[in-house]
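Undergrad: Below you'll find the structure I mean.
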Amino acid sequence: MAKAKRFRRYLALAGSASLLGAAGLGYAWLRSSLPALDGERNLPQLAAPATVATDSHGIPSIRAGSRSDAARVLGYVTARDRLFQMDLMRRKNAGRLAEIFGDKAFASDKQARIYGFNVRAGRVFASLPAAHRGYLQAYADGVNSYLLQARALPFEFGALGYSPEPWQAEDCLLVVFGMFETLTARAEQSERMLSVMQQTLPADVAAFFTPDTDRYTDQLLHTAASLRPPQPLPAAALQTLLARNGSAIPQLADAGAGESLAGSNAWAVSGRKTVDGRAILANDMHLSINVPNIWYRIELTYPGVEAVGVNLPGTPFLIAGSNRHLAWGMTNVGGDFLDLVQLETDADHAGQYRVGAEWQDFELRRETIRIKGGGERELTVRESRWGPVADKPLLGRPVAIRWAALDTAAVNTELLELEQSQSLEQALAIANRAGGPQLNILFADSGGHIAWTLTGKIPLRFGGDGAVSKSWADGKTGWSGYLPPERMPRSVDPEQGFLASANERRFGADYPVVIGHQFANGYRAFRISQKLGQIPQHDEWSLFNLQLDTESEFFDYYRQLALRALGAIDPAAQADAAGMRDYLLAWNGRADSDSLGLPLLVEFRKQLMEAVFPPFLAACKQADPDFSYAWNYADTPLQALLNAADPALLPDAGRYRSWDGFVAAQLEQAAANLLQRNPGKRLADLTWGSQNKAAYAHPFSKAMPFLAAFLNVPEQTLAGCTGYCVRVAGANFAASERLVVSPGHWQDGILHMPGGQSGHPLSEFYMDQQPYWLQGLPLALQAGDAAYRWTLNP
């Protein structure tokens, strides 16, 4: 069956050869680019022979004589399976996609060049300890050895008409910069939004619309005071805004803002919560899902170390996993580690900006972006003392990007040491001094202990909290370095016997350092903590089952609101009202693939946000045409307005006489939207799975859409949701892996991920793990018996 599927995929690819203009897409050529998995290879610079045993799911188990040799073999093996993915990631972050995709990639390249990842990678590399430079170089040497020995390159290179350049040690850091951008760059949009709101709205209105909490977060923190607590309804100010800006503005509110925050779930239970005293870690990291998946499963053995988990291709980092002493997993902090610094310029000082009483020249960095089929474009990046000048002004003024990712002092490779750590205290120290994307990191050790801390550099701000853009010219506002490792927050072996992290706010106003302004809605963290506390004793299976939990109490509010609103629907539409009532009452409270009712609730909430907020925020749109209200805690002000139902604040009083009528109209519109997207269907036909489907794509899908059906994951119904249940799964954003492990008990560990190990569409490992991930079935943590074996000689 697998061979037949691969042959059909070949026929589709080969049949498209004329369209691609590459006759080499014939079957023999495609087959020749499949790497051999058995035999002997020479790997220059190895200090001693090494072996690679590959199991029936393509998972390699590497045995090497040293850490450097293990990194070298890892580079070699990862290039075997993921070379095009690796090259694409380094190109994106170096600002070189247009060289292979043409003008449509120019905007991406321009942003990467403004950030200057291409020059900063070399600076960071030069600052690393010698041992770490050696590991990165060894990894690069392994990749390059594969480039020299490969019988044929992956088909994508031939289709695009280029060959990959040798891998440089600094390219590993380009991949790391890409994760920085994925996880933390969104703070720029938050600061732009808050800056516009501060300038255009009354202070009490801006505060009302931008709290940093919700009822689930409050329960987790026992209502500890926050930096941006929910505010009383500012009725008078809102009424004034409504009178001034009565007409709605489409697409002002981004109802999905909190549903695709690059986040994750992680939790750990201590020996107090297990039968035999073992500590267990669970981690599922939430990211955009592509083909192939972002992670690469790996098992490493070298003197003093046995480690297993997921690797970030293009780097030698084991991001989440376990050695025999410790297990670790990560979630995005979701904080604010980027500020937009207002630059004071004027017509009399061209090419300069003010610093104190002086005018300082911008440093100019010249960048040349080559365009496939279109020559070159020159870009001049202005650099200030605080960072590069953003391409887009803020409220008409230039701003510089002060971002930890662009500071050599805030980026390092200390997390490489985790796989060699032998104690919880050692691992905590490594995490706290590491410089990379700011993350929550949870640990479980072989002695039954657990811990949580932060990793990545946390700015020490003065003169402001970084929420809105300010000038730093007078020296009264800025950063004074980063939180020292010894001051990083920690929690070790808490009384309740577990720790959980789901990107929620963990800090109150009393915490001495500002970590951020908007985190993820607290529902996932609340649900995880609730379930961990309810069960007296856990094992790997109970934690794996929790990763698959689809309960979504979050939408109960909107179901009750909708059911009440049905009474206000026009009597002529009572048949429709009865159908909606039955559909909503059929909801089982979960995001299962066969759940009824949930599609309407999700659409209803979205419709409410798009109808309620615009009249109150119209001034923001007038001040900045690109303004979008994208706030993770938008439900807090939305529900406050709906609960108050103040007639004076009715968003469209010209059409509706009451809030009941207004809400009923939004419910009807939500149902109409659903039916329009599903022609010929009734509401009763629309299960959650019929609306929540996987759309996981190969990068060629956009450039060559005629190949999509053959390279992408087939459209499949998904259980779970993207923001408000533990099992995160959506059309292009989901749990990128699910890991459950106890150090010293690997035989009971679980690890699966979407897609498969290989990036080659004819490989048996291209999508073989997808059914396990999709159906919530376990795969063993450790690689299985060797189906193939390489011997690598110096």
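Following the order of the structure tokens, chains are lettered A, B, ..., residues in each are numbered from 1, and ligands are numbered from 1.
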Fewer than 6 positions away in the same chain doesn't count, so skip those; otherwise give me all residues within 8 Å of Leu418 of chain A, counting only C-alpha atoms, as number ranges by chain.

TA: A: 427, 430-431

Undergrad: Restrict the selected residues to N, CA and C atoms and save them as a PDB file, in the first residue's frame.

TA:
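As written to disk, again-v4.pdb reads:
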ATOM      1  N   ALA A 427      20.562  22.100  35.544  1.00  0.00           N
ATOM      2  CA  ALA A 427      19.694  22.421  34.416  1.00  0.00           C
ATOM      3  C   ALA A 427      19.050  23.791  34.587  1.00  0.00           C
ATOM      4  N   ILE A 430      21.609  26.418  33.702  1.00  0.00           N
ATOM      5  CA  ILE A 430      21.797  26.508  32.248  1.00  0.00           C
ATOM      6  C   ILE A 430      20.663  27.322  31.631  1.00  0.00           C
ATOM      7  N   ALA A 431      19.434  26.989  32.003  1.00  0.00           N
ATOM      8  CA  ALA A 431      18.278  27.688  31.447  1.00  0.00           C
ATOM      9  C   ALA A 431      18.329  29.178  31.753  1.00  0.00           C
TER      10      ALA A 431
END

Undergrad: Considering only C-alpha atoms, return as a tab-separated table (two decimals) with N, CA, C and O atoms, in the first residue's frame whatever protein or nucleic-acid residues lie within 12 Å of Glu715 of chain A, sequence-local ones (same chain, fewer than 5 positions apart) excluded.

TA:
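Printed below is result_22.tsv as written:
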chain	number	residue	atom	x	y	z
A	689	GLY	N	-15.70	18.86	13.14
A	689	GLY	CA	-14.69	18.33	12.23
A	689	GLY	C	-14.91	18.76	10.79
A	689	GLY	O	-13.94	18.89	10.03
A	690	SER	N	-16.15	18.99	10.40
A	690	SER	CA	-16.40	19.44	9.03
A	690	SER	C	-15.89	20.85	8.80
A	690	SER	O	-15.69	21.26	7.65
A	691	GLN	N	-15.68	21.62	9.86
A	691	GLN	CA	-15.18	22.99	9.76
A	691	GLN	C	-13.72	23.12	10.16
A	691	GLN	O	-13.05	24.07	9.76
A	692	ASN	N	-13.26	22.20	10.98
A	692	ASN	CA	-11.88	22.25	11.49
A	692	ASN	C	-11.09	21.15	10.80
A	692	ASN	O	-11.10	19.99	11.23
A	693	LYS	N	-10.39	21.52	9.73
A	693	LYS	CA	-9.70	20.53	8.92
A	693	LYS	C	-8.24	20.91	8.74
A	693	LYS	O	-7.90	22.08	8.63
A	694	ALA	N	-7.41	19.90	8.70
A	694	ALA	CA	-5.98	20.11	8.49
A	694	ALA	C	-5.73	20.67	7.10
A	694	ALA	O	-6.31	20.21	6.11
A	695	ALA	N	-4.88	21.68	7.04
A	695	ALA	CA	-4.46	22.24	5.75
A	695	ALA	C	-2.95	22.43	5.80
A	695	ALA	O	-2.43	23.52	5.56
A	696	TYR	N	-2.23	21.36	6.13
A	696	TYR	CA	-0.79	21.43	6.34
A	696	TYR	C	-0.08	21.26	5.00
A	696	TYR	O	-0.26	20.25	4.31
A	697	ALA	N	0.73	22.27	4.66
A	697	ALA	CA	1.19	22.38	3.28
A	697	ALA	C	2.70	22.36	3.14
A	697	ALA	O	3.43	22.83	4.00
A	708	ALA	N	-0.13	20.75	-4.99
A	708	ALA	CA	-0.58	20.74	-3.60
A	708	ALA	C	-1.18	19.40	-3.18
A	708	ALA	O	-0.90	18.89	-2.10
A	709	ALA	N	-2.00	18.83	-4.05
A	709	ALA	CA	-2.68	17.59	-3.68
A	709	ALA	C	-1.72	16.44	-3.47
A	709	ALA	O	-2.08	15.45	-2.83
A	710	PHE	N	-0.50	16.58	-3.98
A	710	PHE	CA	0.44	15.47	-3.93
A	710	PHE	C	1.54	15.67	-2.88
A	710	PHE	O	2.20	14.72	-2.50
A	730	GLY	N	-5.72	23.13	14.55
A	730	GLY	CA	-6.48	23.94	13.61
A	730	GLY	C	-5.96	23.75	12.21
A	730	GLY	O	-5.05	22.95	11.95
A	731	ALA	N	-6.52	24.52	11.28
A	731	ALA	CA	-6.24	24.34	9.86
A	731	ALA	C	-4.76	24.44	9.54
A	731	ALA	O	-4.25	23.70	8.70
A	732	ASN	N	-4.06	25.38	10.16
A	732	ASN	CA	-2.61	25.49	9.90
A	732	ASN	C	-1.81	25.82	11.16
A	732	ASN	O	-0.70	26.29	11.08
A	770	GLN	N	1.66	10.79	10.69
A	770	GLN	CA	0.45	11.61	10.69
A	770	GLN	C	-0.76	10.88	11.27
A	770	GLN	O	-1.51	11.48	12.08
A	774	LEU	N	-2.91	12.44	14.30
A	774	LEU	CA	-4.28	12.84	13.99
A	774	LEU	C	-5.27	12.14	14.91
A	774	LEU	O	-6.21	12.76	15.44

Undergrad: Choose the residue, out of A:Gln574, A:Ala670, A:Lys273, A:Asp646, that has the smallest atom-to-atom separation from Ala236 of chain A; count only C-alpha atoms.

TA: A:Asp646

Undergrad: With only C-alpha atoms as the basis for distance, which of A:Arg490, A:Gly373, A:Glu495, A:Thr550 is at the shortest distance from Ser595 of chain A?

TA: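 Among the listed residues, the smallest separation from Ser595 of chain A belongs to A:Thr550.
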
Undergrad: Might you pull out every residue within 9 Å of Leu233 of chain A, with only C-alpha atoms counted and same-chain residues fewer than 6 positions away left off, and present them as a ChimeraX atom specification?

TA: /A:204-205,208,637,640-641,644

Undergrad: Quick one: residues within 10 Å of Asp87 of chain A, only C-alpha atoms, excluding same-chain residues fewer than 5 positions away - as a JSON list (two decimals) with all heavy atoms, in the first residue's frame?

TA:
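Saved the output as selection.json:
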[["chain", "number", "residue", "atom", "x", "y", "z"],
["A", 79, "ALA", "N", 20.58, 16.48, 7.18],
["A", 79, "ALA", "CA", 20.65, 16.89, 5.77],
["A", 79, "ALA", "C", 20.10, 15.79, 4.87],
["A", 79, "ALA", "O", 19.46, 16.07, 3.85],
["A", 79, "ALA", "CB", 22.08, 17.23, 5.40],
["A", 82, "ARG", "N", 16.18, 16.36, 5.60],
["A", 82, "ARG", "CA", 15.50, 17.66, 5.63],
["A", 82, "ARG", "C", 16.30, 18.78, 4.94],
["A", 82, "ARG", "O", 16.16, 19.94, 5.32],
["A", 82, "ARG", "CB", 15.26, 18.05, 7.09],
["A", 82, "ARG", "CG", 14.39, 17.10, 7.90],
["A", 82, "ARG", "CD", 12.92, 17.16, 7.47],
["A", 82, "ARG", "NE", 12.08, 16.42, 8.39],
["A", 82, "ARG", "CZ", 11.53, 16.93, 9.50],
["A", 82, "ARG", "NH1", 11.75, 18.21, 9.80],
["A", 82, "ARG", "NH2", 10.79, 16.20, 10.29],
["A", 92, "LYS", "N", 15.36, 32.24, 4.46],
["A", 92, "LYS", "CA", 14.34, 33.18, 4.93],
["A", 92, "LYS", "C", 14.93, 34.17, 5.92],
["A", 92, "LYS", "O", 14.70, 35.38, 5.84],
["A", 92, "LYS", "CB", 13.18, 32.43, 5.59],
["A", 92, "LYS", "CG", 12.11, 33.36, 6.16],
["A", 92, "LYS", "CD", 11.03, 32.61, 6.90],
["A", 92, "LYS", "CE", 9.96, 33.58, 7.40],
["A", 92, "LYS", "NZ", 10.49, 34.63, 8.29],
["A", 97, "LEU", "N", 15.22, 34.73, 0.12],
["A", 97, "LEU", "CA", 14.20, 33.91, -0.53],
["A", 97, "LEU", "C", 13.93, 34.36, -1.96],
["A", 97, "LEU", "O", 13.61, 33.55, -2.84],
["A", 97, "LEU", "CB", 12.89, 33.96, 0.26],
["A", 97, "LEU", "CG", 12.84, 33.16, 1.57],
["A", 97, "LEU", "CD1", 11.50, 33.37, 2.24],
["A", 97, "LEU", "CD2", 13.10, 31.68, 1.33],
["A", 157, "PHE", "N", 15.26, 21.43, -5.22],
["A", 157, "PHE", "CA", 16.38, 22.19, -5.77],
["A", 157, "PHE", "C", 16.35, 22.17, -7.30],
["A", 157, "PHE", "O", 16.57, 23.20, -7.96],
["A", 157, "PHE", "CB", 17.71, 21.63, -5.25],
["A", 157, "PHE", "CG", 17.91, 21.82, -3.78],
["A", 157, "PHE", "CD1", 17.78, 20.75, -2.90],
["A", 157, "PHE", "CD2", 18.21, 23.07, -3.26],
["A", 157, "PHE", "CE1", 17.97, 20.93, -1.54],
["A", 157, "PHE", "CE2", 18.40, 23.25, -1.90],
["A", 157, "PHE", "CZ", 18.27, 22.17, -1.04],
["A", 163, "SER", "N", 21.38, 25.11, -6.59],
["A", 163, "SER", "CA", 22.02, 24.15, -5.68],
["A", 163, "SER", "C", 22.33, 24.85, -4.36],
["A", 163, "SER", "O", 22.69, 26.03, -4.35],
["A", 163, "SER", "CB", 23.32, 23.61, -6.29],
["A", 163, "SER", "OG", 23.05, 22.89, -7.47],
["A", 164, "PRO", "N", 22.19, 24.14, -3.26],
["A", 164, "PRO", "CA", 22.45, 24.77, -1.96],
["A", 164, "PRO", "C", 23.93, 25.08, -1.77],
["A", 164, "PRO", "O", 24.80, 24.31, -2.20],
["A", 164, "PRO", "CB", 21.97, 23.73, -0.96],
["A", 164, "PRO", "CG", 22.08, 22.43, -1.68],
["A", 164, "PRO", "CD", 21.77, 22.74, -3.11],
["A", 165, "GLU", "N", 24.21, 26.19, -1.17],
["A", 165, "GLU", "CA", 25.58, 26.55, -0.83],
["A", 165, "GLU", "C", 26.04, 25.74, 0.38],
["A", 165, "GLU", "O", 25.22, 25.22, 1.13],
["A", 165, "GLU", "CB", 25.65, 28.05, -0.51],
["A", 165, "GLU", "CG", 25.27, 28.92, -1.69],
["A", 165, "GLU", "CD", 25.10, 30.38, -1.29],
["A", 165, "GLU", "OE1", 25.28, 30.70, -0.10],
["A", 165, "GLU", "OE2", 24.75, 31.19, -2.17],
["A", 166, "PRO", "N", 27.34, 25.61, 0.59],
["A", 166, "PRO", "CA", 27.82, 24.92, 1.79],
["A", 166, "PRO", "C", 27.23, 25.54, 3.05],
["A", 166, "PRO", "O", 27.00, 26.75, 3.12],
["A", 166, "PRO", "CB", 29.34, 25.12, 1.73],
["A", 166, "PRO", "CG", 29.63, 25.31, 0.27],
["A", 166, "PRO", "CD", 28.45, 26.06, -0.28],
["A", 167, "TRP", "N", 26.97, 24.71, 4.02],
["A", 167, "TRP", "CA", 26.41, 25.16, 5.30],
["A", 167, "TRP", "C", 27.52, 25.79, 6.13],
["A", 167, "TRP", "O", 28.62, 25.23, 6.25],
["A", 167, "TRP", "CB", 25.80, 23.98, 6.05],
["A", 167, "TRP", "CG", 24.90, 24.39, 7.18],
["A", 167, "TRP", "CD1", 25.23, 24.54, 8.49],
["A", 167, "TRP", "CD2", 23.50, 24.69, 7.08],
["A", 167, "TRP", "NE1", 24.13, 24.93, 9.23],
["A", 167, "TRP", "CE2", 23.05, 25.03, 8.38],
["A", 167, "TRP", "CE3", 22.58, 24.71, 6.05],
["A", 167, "TRP", "CZ2", 21.73, 25.38, 8.67],
["A", 167, "TRP", "CZ3", 21.26, 25.05, 6.32],
["A", 167, "TRP", "CH2", 20.85, 25.39, 7.61],
["A", 171, "ASP", "N", 25.05, 29.62, 10.05],
["A", 171, "ASP", "CA", 23.70, 29.35, 9.55],
["A", 171, "ASP", "C", 22.83, 28.72, 10.63],
["A", 171, "ASP", "O", 21.60, 28.87, 10.61],
["A", 171, "ASP", "CB", 23.77, 28.43, 8.33],
["A", 171, "ASP", "CG", 24.40, 29.12, 7.13],
["A", 171, "ASP", "OD1", 24.47, 30.37, 7.12],
["A", 171, "ASP", "OD2", 24.82, 28.41, 6.20],
["A", 175, "VAL", "N", 18.87, 30.02, 11.85],
["A", 175, "VAL", "CA", 17.68, 29.24, 12.17],
["A", 175, "VAL", "C", 17.14, 29.64, 13.54],
["A", 175, "VAL", "O", 15.93, 29.76, 13.74],
["A", 175, "VAL", "CB", 17.98, 27.73, 12.10],
["A", 175, "VAL", "CG1", 16.78, 26.92, 12.52],
["A", 175, "VAL", "CG2", 18.42, 27.34, 10.69],
["A", 313, "PRO", "N", 15.79, 21.26, 13.03],
["A", 313, "PRO", "CA", 16.67, 21.05, 11.88],
["A", 313, "PRO", "C", 17.44, 22.32, 11.52],
["A", 313, "PRO", "O", 16.91, 23.43, 11.57],
["A", 313, "PRO", "CB", 15.70, 20.67, 10.75],
["A", 313, "PRO", "CG", 14.52, 20.08, 11.46],
["A", 313, "PRO", "CD", 14.39, 20.87, 12.73],
["A", 314, "GLY", "N", 18.70, 22.14, 11.20],
["A", 314, "GLY", "CA", 19.58, 23.27, 10.94],
["A", 314, "GLY", "C", 20.39, 23.67, 12.14],
["A", 314, "GLY", "O", 21.25, 24.55, 12.05]]

Undergrad: Tell me which protein, DNA and RNA residues are within 8 Å of segment 60-69 of chain A, counting only C-alpha atoms, leaving out same-chain ones fewer than 5 positions away, and put them as a list in words.

TA: Leu46, Ala47, Ala48, Pro49, Ala50, Thr51, Val52, Ala53, Thr54, Asp55, Leu74, Val77, Gly134, Tyr135, Ala138, Tyr139, Arg297, Ile298, Glu299, Leu300, Thr301, Tyr302, Pro303 and Ala783 of chain A

Undergrad: Selected residues, N, CA, C and O atoms, written as a JSON list (two decimals), in the first residue's frame, please.

TA:
[["chain", "number", "residue", "atom", "x", "y", "z"],
["A", 46, "LEU", "N", 35.57, 12.96, 11.53],
["A", 46, "LEU", "CA", 35.16, 12.14, 12.67],
["A", 46, "LEU", "C", 36.40, 11.70, 13.44],
["A", 46, "LEU", "O", 37.41, 11.32, 12.84],
["A", 47, "ALA", "N", 36.31, 11.74, 14.75],
["A", 47, "ALA", "CA", 37.44, 11.28, 15.56],
["A", 47, "ALA", "C", 37.44, 9.77, 15.71],
["A", 47, "ALA", "O", 38.49, 9.16, 15.94],
["A", 48, "ALA", "N", 36.25, 9.16, 15.60],
["A", 48, "ALA", "CA", 36.13, 7.72, 15.76],
["A", 48, "ALA", "C", 34.90, 7.26, 14.99],
["A", 48, "ALA", "O", 34.01, 8.06, 14.69],
["A", 49, "PRO", "N", 34.83, 5.97, 14.63],
["A", 49, "PRO", "CA", 33.65, 5.48, 13.90],
["A", 49, "PRO", "C", 32.36, 5.76, 14.68],
["A", 49, "PRO", "O", 32.34, 5.79, 15.91],
["A", 50, "ALA", "N", 31.28, 5.96, 13.94],
["A", 50, "ALA", "CA", 29.97, 6.20, 14.52],
["A", 50, "ALA", "C", 28.95, 5.37, 13.75],
["A", 50, "ALA", "O", 29.21, 4.93, 12.62],
["A", 51, "THR", "N", 27.79, 5.14, 14.36],
["A", 51, "THR", "CA", 26.73, 4.39, 13.69],
["A", 51, "THR", "C", 25.42, 5.17, 13.74],
["A", 51, "THR", "O", 25.18, 5.97, 14.66],
["A", 52, "VAL", "N", 24.59, 4.92, 12.75],
["A", 52, "VAL", "CA", 23.23, 5.49, 12.70],
["A", 52, "VAL", "C", 22.28, 4.33, 12.41],
["A", 52, "VAL", "O", 22.31, 3.75, 11.32],
["A", 53, "ALA", "N", 21.47, 3.98, 13.40],
["A", 53, "ALA", "CA", 20.44, 2.96, 13.22],
["A", 53, "ALA", "C", 19.11, 3.69, 13.01],
["A", 53, "ALA", "O", 18.71, 4.50, 13.85],
["A", 54, "THR", "N", 18.44, 3.41, 11.89],
["A", 54, "THR", "CA", 17.18, 4.07, 11.57],
["A", 54, "THR", "C", 16.05, 3.06, 11.71],
["A", 54, "THR", "O", 16.11, 1.97, 11.13],
["A", 55, "ASP", "N", 15.01, 3.43, 12.47],
["A", 55, "ASP", "CA", 13.93, 2.47, 12.75],
["A", 55, "ASP", "C", 12.84, 2.56, 11.68],
["A", 55, "ASP", "O", 12.98, 3.25, 10.67],
["A", 74, "LEU", "N", 24.80, 14.22, 13.41],
["A", 74, "LEU", "CA", 23.46, 14.79, 13.38],
["A", 74, "LEU", "C", 23.28, 15.70, 12.16],
["A", 74, "LEU", "O", 22.24, 15.65, 11.48],
["A", 77, "VAL", "N", 22.96, 13.42, 9.07],
["A", 77, "VAL", "CA", 21.71, 12.68, 8.99],
["A", 77, "VAL", "C", 20.52, 13.62, 8.74],
["A", 77, "VAL", "O", 19.61, 13.30, 7.96],
["A", 134, "GLY", "N", 32.69, 25.07, 18.29],
["A", 134, "GLY", "CA", 33.10, 23.77, 17.76],
["A", 134, "GLY", "C", 31.92, 22.87, 17.45],
["A", 134, "GLY", "O", 31.92, 22.17, 16.42],
["A", 135, "TYR", "N", 30.90, 22.87, 18.30],
["A", 135, "TYR", "CA", 29.72, 22.04, 18.05],
["A", 135, "TYR", "C", 28.99, 22.51, 16.78],
["A", 135, "TYR", "O", 28.57, 21.69, 15.96],
["A", 138, "ALA", "N", 31.06, 21.55, 13.80],
["A", 138, "ALA", "CA", 30.96, 20.11, 13.54],
["A", 138, "ALA", "C", 29.65, 19.79, 12.84],
["A", 138, "ALA", "O", 29.61, 18.99, 11.89],
["A", 139, "TYR", "N", 28.56, 20.40, 13.29],
["A", 139, "TYR", "CA", 27.26, 20.20, 12.66],
["A", 139, "TYR", "C", 27.32, 20.63, 11.19],
["A", 139, "TYR", "O", 26.87, 19.91, 10.29],
["A", 297, "ARG", "N", 12.80, 14.10, 14.95],
["A", 297, "ARG", "CA", 13.01, 13.19, 16.08],
["A", 297, "ARG", "C", 14.42, 12.59, 16.02],
["A", 297, "ARG", "O", 14.91, 12.22, 14.96],
["A", 298, "ILE", "N", 15.03, 12.47, 17.20],
["A", 298, "ILE", "CA", 16.42, 12.04, 17.25],
["A", 298, "ILE", "C", 16.73, 11.34, 18.56],
["A", 298, "ILE", "O", 16.12, 11.64, 19.59],
["A", 299, "GLU", "N", 17.68, 10.43, 18.52],
["A", 299, "GLU", "CA", 18.21, 9.79, 19.72],
["A", 299, "GLU", "C", 19.73, 9.85, 19.63],
["A", 299, "GLU", "O", 20.31, 9.49, 18.58],
["A", 300, "LEU", "N", 20.38, 10.34, 20.68],
["A", 300, "LEU", "CA", 21.83, 10.54, 20.69],
["A", 300, "LEU", "C", 22.47, 9.77, 21.83],
["A", 300, "LEU", "O", 21.99, 9.81, 22.97],
["A", 301, "THR", "N", 23.57, 9.09, 21.52],
["A", 301, "THR", "CA", 24.36, 8.43, 22.55],
["A", 301, "THR", "C", 25.83, 8.72, 22.30],
["A", 301, "THR", "O", 26.34, 8.49, 21.19],
["A", 302, "TYR", "N", 26.49, 9.26, 23.29],
["A", 302, "TYR", "CA", 27.95, 9.45, 23.26],
["A", 302, "TYR", "C", 28.43, 9.38, 24.70],
["A", 302, "TYR", "O", 27.61, 9.37, 25.63],
["A", 303, "PRO", "N", 29.71, 9.28, 24.96],
["A", 303, "PRO", "CA", 30.19, 9.02, 26.33],
["A", 303, "PRO", "C", 29.58, 9.97, 27.37],
["A", 303, "PRO", "O", 29.68, 11.19, 27.26],
["A", 783, "ALA", "N", 13.50, 5.30, 19.67],
["A", 783, "ALA", "CA", 13.52, 4.66, 18.36],
["A", 783, "ALA", "C", 13.39, 3.15, 18.53],
["A", 783, "ALA", "O", 13.87, 2.57, 19.51]]

Undergrad: Using only C-alpha atoms, find the one residue out of A:Arg789, A:Lys606, A:Arg524, A:Arg505 that sits nearest to Asp218 of chain A.

TA: A:Arg505

Undergrad: Determine, counting only C-alpha atoms, which protein, DNA and RNA residues have an atom within 8 Å of an atom of Val389 of chain A; residues of the same chain fewer than 4 positions away are not included. Present the result as a PyMOL selection string.

TA: chain A and resi 114+381-384+398-401

Undergrad: Can you pull out every residue within 12 Å of His132 of chain A, counting only C-alpha atoms, but drop anything in the same chain fewer than 2 positions away, and send it as number ranges by chain?

TA: A: 67-68, 71, 124-130, 134-139, 169-170, 172-173, 315-317, 412-417

Undergrad: Name the residues of segment 52-128 of chain A that fall into alpha helix (DSSP H) according to DSSP on the backbone, using the chain letters and numbers of this document, as a PyMOL selection string.

TA: chain A and resi 67-94+98-101+106-115+117-127

Undergrad: From a DSSP pass on the backbone, collect the residues of segment 253-321 of chain A flagged as strand (DSSP E) and hand them back as number ranges by chain.

TA: A: 264-269, 280-288, 296-302, 305-311, 318-321
